[in-house]
Amino acid sequence: MAKTAIENCIRTLRFHAGEMTQQALADKVGVTRQTIIAIEAARYSPSLEVAFQIAEVFQVPLEEVFQYPSTGTAD
């Protein structure tokens, strides 16, 4: 089973939050800038705690930040 990357719109949210830097977001969430870079690039899926913290920083629902791509198969 292939691993599916979780999509996100963190870059867009940072832009709409006054062009917040990756470092500023990392500081608010309590992770490194490199972690934010990897999450934005969909190379790393955050823990639930980090995902919720990122959503809280932008004051949006979790689903507005992260999306799990549909596989197109319905059971």
# chains A, B, ... in the order shown; residues from 1 in each chain; ligands from 1

call {"tool": "residues_around", "arguments": {"residues": "region 4-10 of chain A", "least_positions_apart": "3", "cutoff": "9 Å", "atoms": "only C-alpha atoms", "output": "ChimeraX atom specification"}}
result
/A:13-15,36,39-45,54,64-69

call {"tool": "closest_atom_pairs", "arguments": {"of": "region 47-75 of chain A", "to": "region 23-32 of chain A", "cutoff": "12 Å", "atoms": "only C-alpha atoms", "output": "CSV"}}
result
residue,atom,partner,partner_atom,distance
A:Ser47,CA,A:Val31,CA,11.3
A:Glu49,CA,A:Val29,CA,9.5
A:Val50,CA,A:Val29,CA,6.8
A:Ala51,CA,A:Val29,CA,9.2
A:Phe52,CA,A:Val29,CA,9.4
A:Gln53,CA,A:Val29,CA,5.9
A:Ile54,CA,A:Val29,CA,6.4
A:Ala55,CA,A:Val29,CA,9.8
A:Glu56,CA,A:Val29,CA,9.1
A:Val57,CA,A:Lys28,CA,7.2
A:Phe58,CA,A:Leu25,CA,9.5

call {"tool": "write_last_selection", "arguments": {"atoms": "N, CA, C and O atoms", "output": "compact mmCIF listing (two decimals), in the first residue's frame"}}
result
# COMPACT_ATOMS: atom_id res chain seq x y z
N SER A 47 1.94 15.40 13.31
CA SER A 47 1.15 14.70 14.32
C SER A 47 -0.20 15.42 14.43
O SER A 47 -0.34 16.57 13.99
N GLU A 49 -1.49 16.60 17.07
CA GLU A 49 -1.31 17.76 17.94
C GLU A 49 -0.77 18.96 17.14
O GLU A 49 -1.30 20.06 17.25
N VAL A 50 0.25 18.74 16.33
CA VAL A 50 0.82 19.82 15.53
C VAL A 50 -0.19 20.32 14.50
O VAL A 50 -0.32 21.52 14.27
N ALA A 51 -0.93 19.40 13.88
CA ALA A 51 -1.93 19.79 12.89
C ALA A 51 -2.99 20.70 13.53
O ALA A 51 -3.33 21.75 12.97
N PHE A 52 -3.48 20.32 14.70
CA PHE A 52 -4.46 21.15 15.39
C PHE A 52 -3.87 22.50 15.80
O PHE A 52 -4.54 23.54 15.72
N GLN A 53 -2.62 22.51 16.23
CA GLN A 53 -1.97 23.77 16.61
C GLN A 53 -1.83 24.71 15.42
O GLN A 53 -2.04 25.91 15.55
N ILE A 54 -1.49 24.16 14.25
CA ILE A 54 -1.37 24.98 13.05
C ILE A 54 -2.73 25.59 12.71
O ILE A 54 -2.85 26.78 12.43
N ALA A 55 -3.78 24.78 12.75
CA ALA A 55 -5.13 25.28 12.48
C ALA A 55 -5.51 26.37 13.47
O ALA A 55 -6.12 27.38 13.10
N GLU A 56 -5.14 26.18 14.73
CA GLU A 56 -5.46 27.17 15.76
C GLU A 56 -4.74 28.49 15.52
O GLU A 56 -5.33 29.56 15.72
N VAL A 57 -3.51 28.44 15.06
CA VAL A 57 -2.76 29.67 14.76
C VAL A 57 -3.52 30.52 13.75
O VAL A 57 -3.62 31.73 13.88
N PHE A 58 -4.07 29.84 12.72
CA PHE A 58 -4.79 30.56 11.67
C PHE A 58 -6.27 30.73 11.98
O PHE A 58 -7.00 31.34 11.21

call {"tool": "select_by_dssp", "arguments": {"residues": "chain A", "states": "helix (DSSP H, G or I)", "output": "PyMOL selection string"}}
result
chain A and resi 10-16+22-29+33-40+48-58+62-65

call {"tool": "atom_distance", "arguments": {"atom1": "CA of Val60 (chain A)", "atom2": "CA of Glu19 (chain A)"}}
result
16.5 Å

call {"tool": "atom_distance", "arguments": {"atom1": "CA of Pro61 (chain A)", "atom2": "CA of Arg33 (chain A)"}}
result
22.3 Å

call {"tool": "select_by_dssp", "arguments": {"residues": "chain A", "states": "strand (DSSP E or B)", "output": "mmCIF file with N, CA, C and O atoms, in the first residue's frame"}}
result
data_model
loop_
_atom_site.group_PDB
_atom_site.id
_atom_site.type_symbol
_atom_site.label_atom_id
_atom_site.label_comp_id
_atom_site.auth_asym_id
_atom_site.auth_seq_id
_atom_site.Cartn_x
_atom_site.Cartn_y
_atom_site.Cartn_z
ATOM 1 N N GLU A 7 -2.326 16.673 1.760
ATOM 2 C CA GLU A 7 -2.194 17.985 1.136
ATOM 3 C C GLU A 7 -2.499 19.066 2.168
ATOM 4 O O GLU A 7 -3.190 18.825 3.151
ATOM 5 N N ASN A 8 -1.963 20.262 1.928
ATOM 6 C CA ASN A 8 -2.234 21.359 2.845
ATOM 7 C C ASN A 8 -2.199 22.687 2.101
ATOM 8 O O ASN A 8 -1.720 22.769 0.975
ATOM 9 N N PHE A 66 -5.612 21.055 6.214
ATOM 10 C CA PHE A 66 -5.143 19.771 5.697
ATOM 11 C C PHE A 66 -6.263 19.035 4.979
ATOM 12 O O PHE A 66 -7.407 19.039 5.427
ATOM 13 N N GLN A 67 -5.910 18.392 3.864
ATOM 14 C CA GLN A 67 -6.851 17.598 3.106
ATOM 15 C C GLN A 67 -6.214 16.259 2.780
ATOM 16 O O GLN A 67 -5.041 16.219 2.393
#
